[in-house]
$ cat target_39.cif   # mmCIF, C-alpha atoms
data_run
loop_
_atom_site.label_atom_id
_atom_site.label_comp_id
_atom_site.auth_asym_id
_atom_site.auth_seq_id
_atom_site.Cartn_x
_atom_site.Cartn_y
_atom_site.Cartn_z
CA MET A 1 129.64 166.37 42.26
CA THR A 2 129.72 167.26 45.89
CA ILE A 3 132.69 166.01 47.93
CA LEU A 4 131.78 165.46 51.49
CA PRO A 5 134.46 166.32 54.01
CA SER A 6 136.01 163.23 55.52
CA ARG A 7 135.50 162.56 59.14
CA PRO A 8 138.56 163.17 61.27
CA ARG A 9 140.11 160.05 62.66
CA PRO A 10 139.56 159.64 66.36
CA LEU A 11 142.65 160.19 68.43
CA PRO A 12 144.11 157.00 69.89
CA GLN A 13 143.19 156.41 73.48
CA ALA A 14 146.15 156.41 75.81
CA LEU A 15 146.72 153.29 77.86
CA THR A 16 146.11 154.16 81.49
CA ARG A 17 145.40 152.41 84.75
CA ALA A 18 141.72 152.63 85.51
CA GLU A 19 140.54 154.59 88.53
CA HIS A 20 137.08 152.96 88.65
CA GLY A 21 136.37 149.26 88.79
CA ARG A 22 139.89 148.28 89.72
CA TRP A 23 140.91 145.69 92.27
CA LEU A 24 144.57 146.56 92.89
CA GLY A 25 146.44 149.00 90.68
CA GLY A 26 143.92 149.23 87.85
CA VAL A 27 146.20 147.45 85.33
CA CYS A 28 143.72 144.80 84.24
CA ALA A 29 140.79 147.25 84.10
CA GLY A 30 142.89 149.74 82.09
CA LEU A 31 144.03 147.07 79.60
CA ALA A 32 140.46 145.83 79.25
CA GLN A 33 139.15 149.32 78.49
CA ASN A 34 141.94 150.12 76.02
CA ARG A 35 141.81 146.83 74.13
CA ALA A 36 138.11 146.00 74.54
CA LEU A 37 138.85 142.76 76.34
CA PRO A 38 136.95 141.01 79.14
CA VAL A 39 138.52 142.19 82.38
CA GLY A 40 137.74 138.88 84.08
CA ARG A 41 139.87 136.92 81.59
CA LEU A 42 142.78 139.31 82.01
CA ARG A 43 142.67 138.96 85.78
CA ALA A 44 142.51 135.16 85.46
CA ALA A 45 145.52 135.18 83.11
CA PHE A 46 147.57 137.26 85.55
CA ALA A 47 146.54 134.98 88.42
CA VAL A 48 147.55 131.81 86.54
CA ALA A 49 150.90 133.37 85.53
CA ALA A 50 151.49 134.41 89.14
CA LEU A 51 150.89 130.88 90.40
CA ALA A 52 153.04 129.31 87.64
CA GLY A 53 156.42 130.67 88.78
CA GLY A 54 155.64 134.24 89.78
CA LEU A 55 155.98 135.74 86.29
CA GLY A 56 152.54 137.27 86.49
CA ILE A 57 153.49 139.21 89.61
CA LEU A 58 156.58 140.67 87.94
CA VAL A 59 154.66 141.65 84.80
CA TYR A 60 151.87 143.22 86.86
CA LEU A 61 154.35 145.25 88.94
CA ALA A 62 156.13 146.41 85.78
CA CYS A 63 152.84 147.53 84.25
CA TRP A 64 151.91 149.27 87.49
CA LEU A 65 155.15 151.28 87.40
CA ILE A 66 155.18 152.09 83.68
CA ILE A 67 151.52 152.63 82.78
CA PRO A 68 150.29 156.03 84.06
CA ALA A 69 147.05 156.36 85.98
CA GLU A 70 143.98 158.15 84.63
CA GLY A 71 144.39 161.89 84.85
CA GLU A 72 148.20 161.78 84.44
CA VAL A 73 148.03 161.82 80.61
CA GLY A 74 147.16 165.02 78.75
CA ASP A 75 147.66 165.81 75.09
CA LEU A 76 149.42 162.90 73.39
CA GLU A 77 151.47 165.21 71.17
CA THR A 78 152.84 167.33 74.02
CA ALA A 79 152.92 164.87 76.88
CA LYS A 80 156.35 163.83 78.06
CA PRO A 81 157.12 160.33 79.22
CA ARG A 82 157.09 159.76 82.93
CA GLY A 83 160.37 159.47 84.76
CA ILE A 84 159.73 155.84 85.63
CA VAL A 85 159.15 155.08 81.93
CA VAL A 86 162.44 156.73 80.98
CA LEU A 87 164.21 154.76 83.71
CA ALA A 88 162.66 151.49 82.56
CA LEU A 89 163.65 152.16 78.95
CA ALA A 90 167.20 153.04 80.00
CA CYS A 91 167.51 149.86 82.06
CA ALA A 92 166.16 147.79 79.18
CA GLY A 93 168.61 149.40 76.76
CA LEU A 94 171.53 148.84 79.13
CA LEU A 95 170.51 145.22 79.63
CA GLY A 96 170.32 144.72 75.87
CA LEU A 97 173.77 146.25 75.29
CA THR A 98 175.24 144.14 78.09
CA THR A 99 173.70 141.01 76.61
CA LEU A 100 175.16 141.83 73.18
CA GLY A 101 178.60 142.36 74.70
CA ALA A 102 178.41 139.13 76.70
CA LEU A 103 177.32 137.09 73.68
CA GLY A 104 180.06 138.59 71.52
CA SER A 105 182.71 137.97 74.17
CA LEU A 106 181.56 134.39 74.72
CA ALA A 107 181.64 133.65 71.00
CA THR A 108 185.11 135.17 70.67
CA VAL A 109 186.53 133.22 73.62
CA PHE A 110 185.28 129.94 72.14
CA GLY A 111 186.74 130.69 68.71
CA PHE A 112 183.62 131.87 66.88
CA GLY A 113 184.85 135.35 66.08
CA TRP A 114 183.44 135.13 62.56
CA VAL A 115 179.95 134.92 64.09
CA VAL A 116 180.63 138.15 65.98
CA VAL A 117 181.79 139.84 62.76
CA ALA A 118 178.64 138.72 60.90
CA LEU A 119 176.39 139.79 63.76
CA ALA A 120 178.14 143.16 64.05
CA ALA A 121 177.68 143.71 60.30
CA ALA A 122 173.97 142.92 60.57
CA VAL A 123 173.59 145.25 63.55
CA LEU A 124 175.48 147.96 61.63
CA VAL A 125 173.13 147.61 58.65
CA GLY A 126 170.15 147.91 60.98
CA ALA A 127 171.72 150.93 62.69
CA LEU A 128 172.31 152.68 59.38
CA TRP A 129 168.74 151.93 58.31
CA SER A 130 167.35 153.45 61.52
CA TRP A 131 169.82 156.36 61.53
CA PRO A 132 167.32 159.14 60.66
CA ARG A 133 164.96 158.11 63.44
CA VAL A 134 167.20 157.28 66.38
CA GLY A 135 170.24 159.43 65.62
CA PRO A 136 173.83 158.48 64.82
CA GLY A 137 175.07 158.09 68.38
CA TRP A 138 172.30 155.79 69.59
CA ALA A 139 172.33 153.73 66.39
CA LEU A 140 176.01 152.81 66.76
CA LEU A 141 175.78 151.83 70.43
CA PRO A 142 174.82 148.18 69.67
CA VAL A 143 177.75 147.85 67.27
CA ALA A 144 180.17 149.20 69.89
CA ALA A 145 178.73 146.98 72.63
CA LEU A 146 179.15 143.92 70.42
CA ALA A 147 182.54 144.66 68.89
CA LEU A 148 184.63 146.35 71.58
CA PRO A 149 184.68 143.57 74.24
CA SER A 150 185.24 140.94 71.56
CA ALA A 151 188.12 142.91 70.04
CA ALA A 152 189.73 143.31 73.47
CA LEU A 153 189.53 139.57 74.16
CA ALA A 154 190.86 138.72 70.70
CA ALA A 155 193.79 141.14 71.14
CA GLY A 156 194.56 139.63 74.55
CA GLY A 157 194.74 136.13 73.09
CA VAL A 158 191.94 134.72 75.25
CA ARG A 159 190.62 131.61 73.55
CA ILE A 160 189.08 128.40 74.88
CA GLU A 161 188.22 125.26 72.99
CA PRO A 162 184.47 124.51 72.92
CA GLN A 163 184.96 121.33 74.96
CA SER A 164 183.60 120.52 78.42
CA GLY A 165 184.65 116.96 79.20
CA PRO A 166 188.06 115.72 80.38
CA ILE A 167 190.76 114.95 77.82
CA THR A 168 193.30 112.12 78.17
CA VAL A 169 196.08 111.53 75.64
CA ALA A 170 198.87 108.96 75.80
CA PRO A 171 201.02 109.13 72.66
CA ARG A 172 203.17 106.11 71.88
CA ALA A 173 206.08 108.17 70.63
CA LEU A 174 207.15 111.78 70.23
CA SER A 175 209.68 112.28 67.48
CA ALA A 176 208.61 115.02 65.08
CA PRO A 177 210.68 118.24 65.33
CA ALA A 178 207.46 120.26 65.53
CA GLY A 179 206.31 118.11 68.46
CA ALA A 180 202.66 117.73 69.40
CA THR A 181 199.92 120.24 70.18
CA TYR A 182 197.11 119.61 72.64
CA ARG A 183 194.15 121.87 73.44
CA SER A 184 191.50 121.83 76.14
CA GLY A 185 188.49 123.97 77.01
CA LEU A 186 186.28 123.80 80.08
CA GLY A 187 187.49 120.36 81.16
CA GLN A 188 190.82 119.22 82.54
CA MET A 189 193.53 117.58 80.39
CA PHE A 190 195.83 114.67 81.20
CA ILE A 191 198.89 114.09 79.00
CA ASP A 192 200.36 110.71 79.93
CA LEU A 193 204.00 110.35 78.82
CA ARG A 194 204.91 107.54 81.22
CA ARG A 195 205.11 104.97 78.41
CA THR A 196 205.89 107.34 75.57
CA ALA A 197 209.05 106.73 73.57
CA LEU A 198 211.04 109.98 73.46
CA GLU A 199 212.89 109.48 70.17
CA ARG A 200 214.71 112.83 70.05
CA ASP A 201 217.00 114.74 72.37
CA ILE A 202 214.49 117.60 72.52
CA VAL A 203 210.75 116.93 72.50
CA LEU A 204 208.41 119.88 72.07
CA LEU A 205 204.91 119.96 73.53
CA THR A 206 202.53 122.85 72.87
CA VAL A 207 199.64 122.98 75.33
CA GLU A 208 196.79 125.46 74.92
CA ALA A 209 194.73 124.90 78.05
CA GLY A 210 191.43 126.33 79.22
CA VAL A 211 190.19 127.12 82.71
CA ARG A 212 190.89 123.72 84.31
CA ARG A 213 194.15 122.09 85.28
CA THR A 214 196.53 120.25 82.97
CA ILE A 215 198.64 117.30 84.15
CA VAL A 216 201.74 116.11 82.29
CA ALA A 217 202.88 112.74 83.67
CA LEU A 218 206.57 111.96 83.03
CA PRO A 219 208.22 108.52 83.25
CA HIS A 220 209.09 107.43 86.78
CA ASP A 221 211.92 105.09 85.75
CA ARG A 222 213.72 107.45 83.34
CA CYS A 223 215.38 110.81 83.82
CA VAL A 224 214.35 113.72 81.60
CA ASN A 225 215.06 117.41 81.60
CA VAL A 226 212.00 119.68 81.69
CA VAL A 227 211.66 123.25 80.46
CA VAL A 228 208.28 124.97 80.79
CA ASN A 229 207.62 128.29 79.08
CA TYR A 230 204.29 129.42 80.47
CA HIS A 231 201.92 132.28 79.82
CA VAL A 232 198.62 132.46 81.70
CA VAL A 233 195.73 134.83 81.00
CA ALA A 234 193.33 134.13 83.86
CA PHE A 235 190.47 136.39 82.73
CA ALA A 236 188.16 133.56 81.67
CA ALA A 237 188.87 131.51 84.79
CA ARG A 238 188.18 134.47 87.07
CA VAL A 239 184.89 135.15 85.30
CA ALA A 240 183.98 131.47 85.64
CA SER A 241 184.79 131.51 89.37
CA ILE A 242 182.58 134.57 89.85
CA ILE A 243 179.69 132.96 87.97
CA THR A 244 180.00 129.65 89.87
CA ASP A 245 180.72 131.42 93.19
CA ARG A 246 183.95 129.44 93.61
CA SER A 247 187.20 131.10 94.60
CA ASP A 248 189.29 127.99 95.35
CA SER A 249 190.68 127.55 91.84
CA PRO A 250 194.39 128.41 91.56
CA PHE A 251 195.35 130.90 88.88
CA SER A 252 198.72 131.33 87.17
CA GLU A 253 200.23 128.35 89.02
CA VAL A 254 202.74 126.08 87.31
CA ILE A 255 204.04 123.21 89.46
CA VAL A 256 207.11 121.37 88.18
CA PHE A 257 208.24 118.48 90.41
CA GLY A 258 206.40 120.05 93.35
CA ASP A 259 208.04 123.44 92.85
CA SER A 260 205.37 126.15 92.47
CA ASN A 261 205.77 129.00 90.01
CA PHE A 262 203.41 131.97 90.16
CA GLY A 263 202.99 134.92 87.85
CA ARG A 264 201.49 135.58 84.48
CA SER A 265 204.49 134.31 82.50
CA GLY A 266 207.89 132.82 83.10
CA VAL A 267 210.18 129.82 82.69
CA ALA A 268 210.41 126.81 85.00
CA VAL A 269 213.32 124.39 84.58
CA ALA A 270 214.02 120.95 86.03
CA ASP A 271 217.61 120.28 84.91
CA ILE A 272 219.33 116.99 85.76
CA GLY A 273 222.24 117.53 83.40
CA GLY A 274 223.87 114.98 81.17
CA ARG A 275 222.70 113.75 77.81
CA ARG A 276 219.09 113.19 78.73
CA PRO A 277 215.94 113.83 76.68
CA THR A 278 214.56 117.31 77.26
CA VAL A 279 210.81 117.89 77.25
CA VAL A 280 210.07 121.51 76.33
CA ILE A 281 206.50 122.53 77.16
CA ASN A 282 205.10 125.75 75.73
CA PHE A 283 202.12 126.22 78.00
CA LYS A 284 199.40 128.78 77.38
CA SER A 285 196.40 128.81 79.68
CA ALA A 286 193.14 130.68 80.20
CA GLY A 287 193.58 130.29 83.95
CA GLY A 288 194.07 126.59 84.55
CA SER A 289 197.11 125.37 86.46
CA LEU A 290 199.81 122.98 85.20
CA TYR A 291 201.32 119.98 87.02
CA VAL A 292 204.47 118.39 85.58
CA ARG A 293 206.26 115.52 87.29
CA ASP A 294 206.87 111.79 87.32
CA TYR A 295 204.08 109.55 88.64
CA PRO A 296 204.51 105.88 89.61
CA ASP A 297 202.25 103.35 87.92
CA GLY A 298 200.25 102.86 91.12
CA VAL A 299 199.43 106.57 91.46
CA ASP A 300 196.45 108.14 89.71
CA PRO A 301 197.54 111.65 88.67
CA ASP A 302 193.93 112.69 88.25
CA SER A 303 193.11 112.12 91.93
CA GLU A 304 196.62 112.90 93.27
CA PRO A 305 198.07 115.63 91.05
CA ASP A 306 200.30 116.91 93.88
CA TRP A 307 201.82 113.49 94.66
CA PRO A 308 203.87 112.74 96.81
CA GLY A 309 202.49 115.65 98.83
CA TYR A 310 203.36 119.09 100.09
CA PRO A 311 206.44 119.85 102.21
CA VAL A 312 206.09 118.80 105.84
CA TYR A 313 207.33 120.93 108.72
CA PRO A 314 207.53 118.86 111.93
CA GLU A 315 205.77 120.29 114.94
CA PRO A 316 208.14 121.86 117.46
CA ARG A 317 208.35 120.50 121.00
CA PRO A 318 205.51 121.96 123.08
CA ASP A 319 206.29 124.32 125.93
CA VAL A 320 205.10 122.67 129.14
CA THR A 321 206.27 125.38 131.50
CA GLY A 322 203.80 125.66 134.37
CA THR A 323 201.95 122.49 133.31
CA PRO A 324 201.36 119.76 135.92
CA LYS A 325 203.83 116.88 135.61
CA ALA A 326 201.27 114.27 134.59
CA ALA A 327 199.74 116.50 131.93
CA ALA A 328 203.21 117.54 130.73
CA ARG A 329 204.26 113.88 130.33
CA ARG A 330 201.13 113.16 128.28
CA LEU A 331 201.74 116.21 126.09
CA ILE A 332 205.37 115.26 125.44
CA SER A 333 204.47 111.60 124.80
CA ASN A 334 201.78 112.50 122.27
CA TRP A 335 204.10 115.02 120.64
CA ARG A 336 206.85 112.40 120.22
CA VAL A 337 204.46 110.09 118.38
CA ARG A 338 203.32 112.87 116.06
CA HIS A 339 206.85 114.18 115.59
CA ARG A 340 208.15 110.74 114.63
CA GLU A 341 205.44 110.35 111.98
CA GLN A 342 206.02 113.86 110.69
CA VAL A 343 209.77 113.33 110.36
CA LEU A 344 209.24 110.10 108.44
CA SER A 345 206.70 111.80 106.16
CA LYS A 346 209.10 114.72 105.63
CA ARG A 347 211.93 112.39 104.62
CA ARG A 348 209.70 110.41 102.26
CA ILE A 349 208.31 113.51 100.53
CA GLU A 350 211.72 115.14 100.27
CA ALA A 351 213.11 111.98 98.69
CA LEU A 352 210.28 111.59 96.17
CA ARG A 353 209.40 115.20 95.45
CA PRO A 354 212.33 116.06 93.12
CA GLY A 355 211.65 113.00 90.99
CA PRO A 356 213.93 110.10 89.99
CA CYS A 357 216.78 112.55 89.41
CA SER A 358 217.66 114.82 92.27
CA ARG A 359 218.62 118.23 90.88
CA VAL A 360 215.74 120.68 90.26
CA ARG A 361 216.23 124.34 89.41
CA LYS A 362 213.58 127.06 89.10
CA GLN A 363 213.90 130.32 87.23
CA ALA A 364 211.99 133.32 88.52
CA PRO A 365 208.85 134.28 86.59
CA ARG A 366 208.89 137.40 84.52
#

$ encode --input "target_39.cif" --output "C-alpha cells"
Amino acid sequence: MTILPSRPRPLPQALTRAEHGRWLGGVCAGLAQNRALPVGRLRAAFAVAALAGGLGILVYLACWLIIPAEGEVGDLETAKPRGIVVLALACAGLLGLTTLGALGSLATVFGFGWVVVALAAAVLVGALWSWPRVGPGWALLPVAALALPSAALAAGGVRIEPQSGPITVAPRALSAPAGATYRSGLGQMFIDLRRTALERDIVLLTVEAGVRRTIVALPHDRCVNVVVNYHVVAFAARVASIITDRSDSPFSEVIVFGDSNFGRSGVAVADIGGRRPTVVINFKSAGGSLYVRDYPDGVDPDSEPDWPGYPVYPEPRPDVTGTPKAAARRLISNWRVRHREQVLSKRRIEALRPGPCSRVRKQAPR
C-alpha cells in the first residue's frame, strides 16, 4: 500500500491593509481580502457605525494604527509586532487592570468585600491555569490589581451603605444603654430628636455616615449636653467630588451649635453643666459633614442646616476723606442704615447661635 505524502497546510495569510483598491487607509479592503467578505458591505457597516454615534470612526482609526500595511509583514514566525501594536496592547492591559481595581474598590466601599474575594479567587485560578503561557509575573497582575486597592480601603475603614436617597429618622424615645445606630450612604441623613424622650442621663448615638451631610436636630425648649467624638475619612467624598467636578463640598467639618471643628478626628463638646441629659454622638464619616444643634419647630433643618446663620461682622464706618460733602453725606447715611441692620442681625445670631443654654465649649481636634 502506497502512502501518499500529505499536502502541507497553507500558511495563514497575515491581516494587512490593502495597497490596491483602497479608499482611505485600506482597512476595509484588507479585511475583505483576508476574510473573503464583500468590501462594499464592510464599508457600508463602517459608515453606518460612524453615523450612529461615531463608533465606526474610532474602530477604523484603531484598525488603521494596529493593522500593518502590505509589505510591512515578513515571515510570520520571525516577525516582531509593531511598536504601535505593543503600545495598544499595553494601554489595553493597563485599562483592564485599572478597571479591575476600580470595581474591587467600589465593591469594598459599599460592603461587598466577599464579592471581591470570590472574584480574586477566580482570577487567581485563571492566572494559575495560564501560568505556563504568560509567565508568573504577568499572571498575578490581575490578582494584585483587584486585591491591593480593596485591601487598603478595608484596612482604612472606608465603608458606605449602598443607599442613595435621603434618610429621616425621628425616634420616640432613646433609653437603651447601647443607644441607637444609624447609617447612611450616598444620601444625606436627618436625625430628628426634637420630640424624642431622653429617658437616661447619657444617651448614645452611633452615626456611620457616607459622603453627604448629617443633621442631628436637638430640642429647642430643653437643655442637653452634647459630646461628639468624630472621625472622618474623606477619601470617598474626594473621589466623588472629582468625578462630579464639584469642589464645594466641605470635608472633615463638624459643626456643633454653630462652632466649626475641622480635622480628621477630635472631640467637640457643648457643656451647659448641671444634671442635664447628655447626648454622646460617635460620628464616623466617609467625608460628609455633621450639624448638631437645636432647631425651632418653624425651621426646616434640611434647607437651613446652619440656622440661625453665620457670625456677622458689622461694616466699619467708611472713610470719606477727600469726598465731596454731598457724596460723603450719602455714603454715611447709607452706611448707617446698613450698620443698624448688621448690628441687629449680629445680636440676634449671637443670642440664638449657642442654643437655649448659653455655655458652649470646644475641644481642639486631634

$ residues_around --input "target_39.cif" --residues "Val27 (chain A)" --least-positions-apart "2" --cutoff "9 Å" --atoms "all atoms listed in the file" --output "PyMOL selection string"
chain A and resi 16-18+22-25+29-32+60+63-64+67+69

$ atom_distance --input "target_39.cif" --atom1 "CA of Gly179 (chain A)" --atom2 "CA of Val279 (chain A)"
9.9 Å

$ atom_distance --input "target_39.cif" --atom1 "CA of Ile255 (chain A)" --atom2 "CA of Gly298 (chain A)"
20.8 Å

$ residues_around --input "target_39.cif" --residues "region 284-289 of chain A" --least-positions-apart "5" --cutoff "6 Å" --atoms "all atoms listed in the file" --output "number ranges by chain"
A: 208-213, 230-234, 236-237, 251, 253-254

$ residues_around --input "target_39.cif" --residues "Leu146 (chain A)" --least-positions-apart "5" --cutoff "10 Å" --atoms "only C-alpha atoms" --output "JSON, numbers by chain"
{"A": [97, 98, 99, 100, 101, 102, 103, 104, 105, 116, 117, 119, 120, 123, 141, 151]}

$ residues_around --input "target_39.cif" --residues "region 202-204 of chain A" --least-positions-apart "2" --cutoff "10 Å" --atoms "only C-alpha atoms" --output "list in words"
Leu174, Ser175, Ala176, Pro177, Ala178, Gly179, Ala180, Thr181, Leu198, Glu199, Arg200, Thr206, Val207, Val224, Asn225, Val226, Val227, Arg276, Pro277, Thr278, Val279, Val280, Ile281 and Asn282 of chain A

$ atom_distance --input "target_39.cif" --atom1 "CA of Val292 (chain A)" --atom2 "CA of Val216 (chain A)"
4.8 Å

$ residues_around --input "target_39.cif" --residues "Val312 (chain A)" --least-positions-apart "2" --cutoff "10 Å" --atoms "all atoms listed in the file" --output "mmCIF file with C-alpha atoms, in the coordinates of the input"
data_model
loop_
_atom_site.group_PDB
_atom_site.id
_atom_site.type_symbol
_atom_site.label_atom_id
_atom_site.label_comp_id
_atom_site.auth_asym_id
_atom_site.auth_seq_id
_atom_site.Cartn_x
_atom_site.Cartn_y
_atom_site.Cartn_z
ATOM 1 C CA GLY A 309 202.490 115.650 98.830
ATOM 2 C CA TYR A 310 203.360 119.090 100.090
ATOM 3 C CA PRO A 314 207.530 118.860 111.930
ATOM 4 C CA GLU A 315 205.770 120.290 114.940
ATOM 5 C CA GLN A 342 206.020 113.860 110.690
ATOM 6 C CA VAL A 343 209.770 113.330 110.360
ATOM 7 C CA LEU A 344 209.240 110.100 108.440
ATOM 8 C CA SER A 345 206.700 111.800 106.160
ATOM 9 C CA LYS A 346 209.100 114.720 105.630
ATOM 10 C CA ARG A 347 211.930 112.390 104.620
ATOM 11 C CA ARG A 348 209.700 110.410 102.260
ATOM 12 C CA ILE A 349 208.310 113.510 100.530
ATOM 13 C CA GLU A 350 211.720 115.140 100.270
#

$ resolve_selection --input "target_39.cif" --expression "the PyMOL selection byres ((chain A and resi 304-308) around 7)" --output "ChimeraX atom specification"
/A:258,291,300-303,309,349,352-353

$ write_last_selection --input "target_39.cif" --atoms "C-alpha atoms" --output "CSV table (one decimal), in the coordinates of the input"
chain,number,residue,atom,x,y,z
A,258,GLY,CA,206.4,120.0,93.4
A,291,TYR,CA,201.3,120.0,87.0
A,300,ASP,CA,196.4,108.1,89.7
A,301,PRO,CA,197.5,111.6,88.7
A,302,ASP,CA,193.9,112.7,88.2
A,303,SER,CA,193.1,112.1,91.9
A,309,GLY,CA,202.5,115.6,98.8
A,349,ILE,CA,208.3,113.5,100.5
A,352,LEU,CA,210.3,111.6,96.2
A,353,ARG,CA,209.4,115.2,95.4

$ closest_atom_pairs --input "target_39.cif" --of "region 240-359 of chain A" --to "region 217-220 of chain A" --cutoff "6 Å" --atoms "only C-alpha atoms" --output "JSON lines"
{"residue": "A:Arg293", "atom": "CA", "partner": "A:Leu218", "partner_atom": "CA", "distance": 5.6}
{"residue": "A:Asp294", "atom": "CA", "partner": "A:Leu218", "partner_atom": "CA", "distance": 4.3}
{"residue": "A:Tyr295", "atom": "CA", "partner": "A:His220", "partner_atom": "CA", "distance": 5.7}
{"residue": "A:Pro296", "atom": "CA", "partner": "A:His220", "partner_atom": "CA", "distance": 5.6}

$ closest_residue --input "target_39.cif" --among "A:Ala62, A:Ala144, A:Val228, A:Ile332" --to "Ser265 (chain A)" --atoms "all atoms listed in the file"
A:Val228

$ closest_residue --input "target_39.cif" --among "A:Asp297, A:Asp221, A:Asp259, A:Glu19" --to "Pro68 (chain A)" --atoms "only C-alpha atoms"
A:Glu19
